[in-house]
Amino acid sequence: MGVPIVEAPGEAEAQCASLCKNHKAYAVASEDMDTLTFGAPRFLRHVTDLSFKKSPVTEFEVPKVLEELGLTMDQFIDLCILSGCDYCENIKGIGGQRALKLIRQHGCIEEVVQNLHKRYTVPEDWPYQEVRTLFKQPNVCTEIPDFQWTSADKEGLVNFLAFENSFSSDRVEKAVEKIKAASDKYSPAGRAKLLTPVANLSGSTDKESKCVLGASG
């Protein structure tokens with residue numbers, strides 16, 4: 001299709017965050033809030049949302065997130081683990097807002113656990129330290145050449161989709177023509193302009209911040 005790709009050796013969000021940190025990409029487009037925890041400098045939500053008119057593209061910037069929450073990056077990682085992430089269960093009864101309060105009060109998960117009220121039960125063999133390491137030192141590919149956008153390989157796409165995987169050749173050819181037309185219309189710089197967000201976290205309300213903190217996965 002002419003679109004450059006990177007095969008991630010580990011978590012896709014971690015690889016994308018690394019690309020963004022190394023100036024290979026402007027931002028990471030995902031619905032997974034763990035993208036922020038992996039340290040993506042810019043994070044875009046709702047880019048692929050078909051109902052984008054109801055959910056406009058929103059941009060988050062990690063430095064602004066940390067500033068508004070009053071946390072360091074290490075504390076933010078602990079906050080995300082404590083409030084719930086994809087890689088371990090959280091402490092039942094502790095959601096985003098309570099986790100934020102506890103991290104602000106105690107500084108890290110170890111101190112939170114030491115001072116946790118008896119009504120909360122820490123999961124047995126809770127692997128929060130391993131998850132913390134995953135967020136801070138993910139398995140990513142760093143030796144990546146500059147991306148090159150090329151024209152779609154019409155013959156290759158038709159052979160793969162129509163002849164090897166039994167898609168309608170007529171539909172495939174029409175789709176390829178649309179891809180080619182879009183590629184011809186927009187240069188790489190033009191494609192970047194299409195992703196200009198209509199909102200970002202700067203100046204967000206407390207309600208919006210609560211939505212971010214309450215999200216997991």
# chains A, B, ... in the order shown; residues from 1 in each chain; ligands from 1
call {"tool": "residues_around", "arguments": {"residues": "Cys80 of chain A", "least_positions_apart": "6", "cutoff": "12 Å", "atoms": "only C-alpha atoms", "output": "mmCIF file with N, CA and C atoms, in the first residue's frame"}}
result
data_model
loop_
_atom_site.group_PDB
_atom_site.id
_atom_site.type_symbol
_atom_site.label_atom_id
_atom_site.label_comp_id
_atom_site.auth_asym_id
_atom_site.auth_seq_id
_atom_site.Cartn_x
_atom_site.Cartn_y
_atom_site.Cartn_z
ATOM 1 N N MET A 33 -4.830 4.027 26.441
ATOM 2 C CA MET A 33 -4.229 5.055 27.279
ATOM 3 C C MET A 33 -2.851 4.662 27.801
ATOM 4 N N ASP A 34 -2.499 3.374 27.712
ATOM 5 C CA ASP A 34 -1.151 2.962 28.104
ATOM 6 C C ASP A 34 -0.091 3.622 27.224
ATOM 7 N N THR A 35 -0.498 4.122 26.075
ATOM 8 C CA THR A 35 0.431 4.825 25.194
ATOM 9 C C THR A 35 1.101 5.982 25.933
ATOM 10 N N LEU A 36 0.332 6.688 26.747
ATOM 11 C CA LEU A 36 0.897 7.782 27.538
ATOM 12 C C LEU A 36 1.891 7.255 28.565
ATOM 13 N N THR A 37 1.566 6.107 29.154
ATOM 14 C CA THR A 37 2.426 5.539 30.185
ATOM 15 C C THR A 37 3.762 5.097 29.600
ATOM 16 N N PHE A 38 3.767 4.712 28.333
ATOM 17 C CA PHE A 38 5.019 4.374 27.660
ATOM 18 C C PHE A 38 5.808 5.629 27.286
ATOM 19 N N GLY A 39 5.233 6.796 27.537
ATOM 20 C CA GLY A 39 5.967 8.042 27.365
ATOM 21 C C GLY A 39 5.875 8.678 25.998
ATOM 22 N N LEU A 71 2.736 15.603 38.818
ATOM 23 C CA LEU A 71 3.478 14.365 39.041
ATOM 24 C C LEU A 71 4.744 14.327 38.194
ATOM 25 N N MET A 73 7.275 11.706 35.890
ATOM 26 C CA MET A 73 6.951 10.590 35.003
ATOM 27 C C MET A 73 6.915 9.278 35.774
ATOM 28 N N ASP A 74 7.844 9.093 36.710
ATOM 29 C CA ASP A 74 7.843 7.867 37.519
ATOM 30 C C ASP A 74 6.544 7.747 38.322
ATOM 31 N N ASP A 86 -3.195 -2.643 31.342
ATOM 32 C CA ASP A 86 -3.375 -3.912 30.627
ATOM 33 C C ASP A 86 -2.536 -5.055 31.190
ATOM 34 N N TYR A 87 -1.551 -4.759 32.021
ATOM 35 C CA TYR A 87 -0.534 -5.758 32.324
ATOM 36 C C TYR A 87 -0.611 -6.360 33.719
ATOM 37 N N CYS A 88 -1.474 -5.830 34.559
ATOM 38 C CA CYS A 88 -1.698 -6.452 35.864
ATOM 39 C C CYS A 88 -3.010 -5.921 36.430
ATOM 40 N N GLU A 89 -3.585 -6.692 37.339
ATOM 41 C CA GLU A 89 -4.819 -6.236 37.966
ATOM 42 C C GLU A 89 -4.513 -5.109 38.949
ATOM 43 N N ASN A 90 -5.527 -4.330 39.231
ATOM 44 C CA ASN A 90 -5.326 -3.257 40.204
ATOM 45 C C ASN A 90 -5.890 -3.674 41.557
ATOM 46 N N ILE A 91 -5.723 -2.818 42.530
ATOM 47 C CA ILE A 91 -6.266 -3.077 43.859
ATOM 48 C C ILE A 91 -7.753 -2.744 43.823
ATOM 49 N N ILE A 94 -9.810 0.807 44.115
ATOM 50 C CA ILE A 94 -8.980 1.986 43.842
ATOM 51 C C ILE A 94 -9.045 2.308 42.352
ATOM 52 N N GLY A 95 -9.724 3.387 42.044
ATOM 53 C CA GLY A 95 -9.828 3.847 40.669
ATOM 54 C C GLY A 95 -8.889 5.007 40.418
ATOM 55 N N GLY A 96 -9.124 5.709 39.321
ATOM 56 C CA GLY A 96 -8.216 6.772 38.915
ATOM 57 C C GLY A 96 -8.060 7.888 39.925
ATOM 58 N N GLN A 97 -9.164 8.416 40.422
ATOM 59 C CA GLN A 97 -9.086 9.560 41.322
ATOM 60 C C GLN A 97 -8.460 9.200 42.669
ATOM 61 N N ARG A 98 -8.837 8.045 43.215
ATOM 62 C CA ARG A 98 -8.244 7.633 44.492
ATOM 63 C C ARG A 98 -6.758 7.318 44.317
ATOM 64 N N ALA A 99 -6.416 6.703 43.178
ATOM 65 C CA ALA A 99 -5.008 6.405 42.913
ATOM 66 C C ALA A 99 -4.193 7.690 42.829
ATOM 67 N N LEU A 100 -4.746 8.706 42.175
ATOM 68 C CA LEU A 100 -4.050 9.989 42.074
ATOM 69 C C LEU A 100 -3.830 10.595 43.456
ATOM 70 N N LEU A 102 -3.610 9.021 46.298
ATOM 71 C CA LEU A 102 -2.631 8.225 47.038
ATOM 72 C C LEU A 102 -1.204 8.469 46.548
ATOM 73 N N ILE A 103 -1.033 8.578 45.230
ATOM 74 C CA ILE A 103 0.309 8.828 44.689
ATOM 75 C C ILE A 103 0.784 10.224 45.079
ATOM 76 N N CYS A 108 4.838 6.917 45.678
ATOM 77 C CA CYS A 108 5.107 5.721 44.880
ATOM 78 C C CYS A 108 4.255 4.565 45.398
ATOM 79 N N ILE A 109 4.178 3.505 44.616
ATOM 80 C CA ILE A 109 3.330 2.369 44.980
ATOM 81 C C ILE A 109 3.794 1.721 46.277
ATOM 82 N N TYR A 128 3.574 -5.450 40.138
ATOM 83 C CA TYR A 128 3.640 -4.041 39.749
ATOM 84 C C TYR A 128 5.061 -3.603 39.408
ATOM 85 N N VAL A 131 5.789 -4.646 35.871
ATOM 86 C CA VAL A 131 5.031 -3.796 34.950
ATOM 87 C C VAL A 131 5.670 -2.411 34.868
ATOM 88 N N ARG A 132 6.128 -1.919 35.989
ATOM 89 C CA ARG A 132 6.822 -0.621 36.009
ATOM 90 C C ARG A 132 8.052 -0.671 35.087
ATOM 91 N N PHE A 135 7.070 -0.540 31.412
ATOM 92 C CA PHE A 135 6.762 0.807 30.940
ATOM 93 C C PHE A 135 8.025 1.654 30.766
ATOM 94 N N VAL A 212 -9.801 11.008 31.803
ATOM 95 C CA VAL A 212 -8.508 10.429 31.448
ATOM 96 C C VAL A 212 -8.046 9.471 32.527
ATOM 97 N N LEU A 213 -8.158 9.888 33.774
ATOM 98 C CA LEU A 213 -7.689 9.060 34.877
ATOM 99 C C LEU A 213 -8.525 7.808 35.033
ATOM 100 N N GLY A 214 -9.785 7.895 34.674
ATOM 101 C CA GLY A 214 -10.658 6.748 34.844
ATOM 102 C C GLY A 214 -10.524 5.720 33.748
ATOM 103 N N ALA A 215 -9.782 6.056 32.681
ATOM 104 C CA ALA A 215 -9.657 5.136 31.552
ATOM 105 C C ALA A 215 -8.554 4.140 31.809
ATOM 106 N N SER A 216 -8.775 2.929 31.385
ATOM 107 C CA SER A 216 -7.736 1.905 31.456
ATOM 108 C C SER A 216 -7.792 1.081 30.198
ATOM 109 N N GLY A 217 -6.651 0.464 29.873
ATOM 110 C CA GLY A 217 -6.612 -0.375 28.692
ATOM 111 C C GLY A 217 -6.423 0.422 27.434
#
call {"tool": "atom_distance", "arguments": {"atom1": "atom CA of Ile179 of chain A", "atom2": "atom CA of Ala152 of chain A"}}
result
7.2 Å
call {"tool": "closest_residue", "arguments": {"among": "A:Pro127, A:Pro145, A:Pro56, A:Pro41", "to": "Ala17 of chain A", "atoms": "only C-alpha atoms"}}
result
A:Pro41
call {"tool": "residues_around", "arguments": {"residues": "segment 1-12 of chain A", "least_positions_apart": "2", "cutoff": "7 Å", "atoms": "only C-alpha atoms", "output": "PyMOL selection string"}}
result
chain A and resi 14-16+139-141+147-153
call {"tool": "closest_residue", "arguments": {"among": "A:Trp126, A:Glu143, A:Ala175, A:Ala27", "to": "Val158 of chain A", "atoms": "only C-alpha atoms"}}
result
A:Ala175
call {"tool": "select_by_dssp", "arguments": {"residues": "segment 14-57 of chain A", "states": "alpha helix (DSSP H)", "output": "list in words"}}
result
Ala14, Gln15, Cys16, Ala17, Ser18, Leu19, Cys20, Lys21, Asp34, Thr35, Leu36 and Thr37 of chain A
call {"tool": "select_by_dssp", "arguments": {"residues": "segment 7-192 of chain A", "states": "strand (DSSP E or B)", "output": "ChimeraX atom specification"}}
result
/A:28-29,42-45,58-61
call {"tool": "residues_around", "arguments": {"residues": "Ala25 of chain A", "least_positions_apart": "3", "cutoff": "10 Å", "atoms": "only C-alpha atoms", "output": "PyMOL selection string"}}
result
chain A and resi 16-22+28+42+146-147+192
call {"tool": "closest_residue", "arguments": {"among": "A:Gly156, A:Pro63, A:Pro138, A:Pro123", "to": "Val176 of chain A", "atoms": "only C-alpha atoms"}}
result
A:Gly156
call {"tool": "decode", "arguments": {"residues": "segment 140-152 of chain A", "atoms": "C-alpha atoms", "output": "PDB file, in the first residue's frame"}}
result
ATOM      1  CA  VAL A 140      11.465  -1.786  21.161  1.00  0.00           C
ATOM      2  CA  CYS A 141      13.375  -1.532  17.906  1.00  0.00           C
ATOM      3  CA  THR A 142      15.491   1.633  17.799  1.00  0.00           C
ATOM      4  CA  GLU A 143      17.586   1.137  14.646  1.00  0.00           C
ATOM      5  CA  ILE A 144      14.983   2.348  12.180  1.00  0.00           C
ATOM      6  CA  PRO A 145      15.813   4.229   8.954  1.00  0.00           C
ATOM      7  CA  ASP A 146      13.806   7.245   7.855  1.00  0.00           C
ATOM      8  CA  PHE A 147      10.367   6.314   6.587  1.00  0.00           C
ATOM      9  CA  GLN A 148       9.741   6.327   2.854  1.00  0.00           C
ATOM     10  CA  TRP A 149       6.222   6.702   1.462  1.00  0.00           C
ATOM     11  CA  THR A 150       5.737   5.050  -1.928  1.00  0.00           C
ATOM     12  CA  SER A 151       2.903   4.471  -4.375  1.00  0.00           C
ATOM     13  CA  ALA A 152       0.589   1.540  -3.776  1.00  0.00           C
TER      14      ALA A 152
END
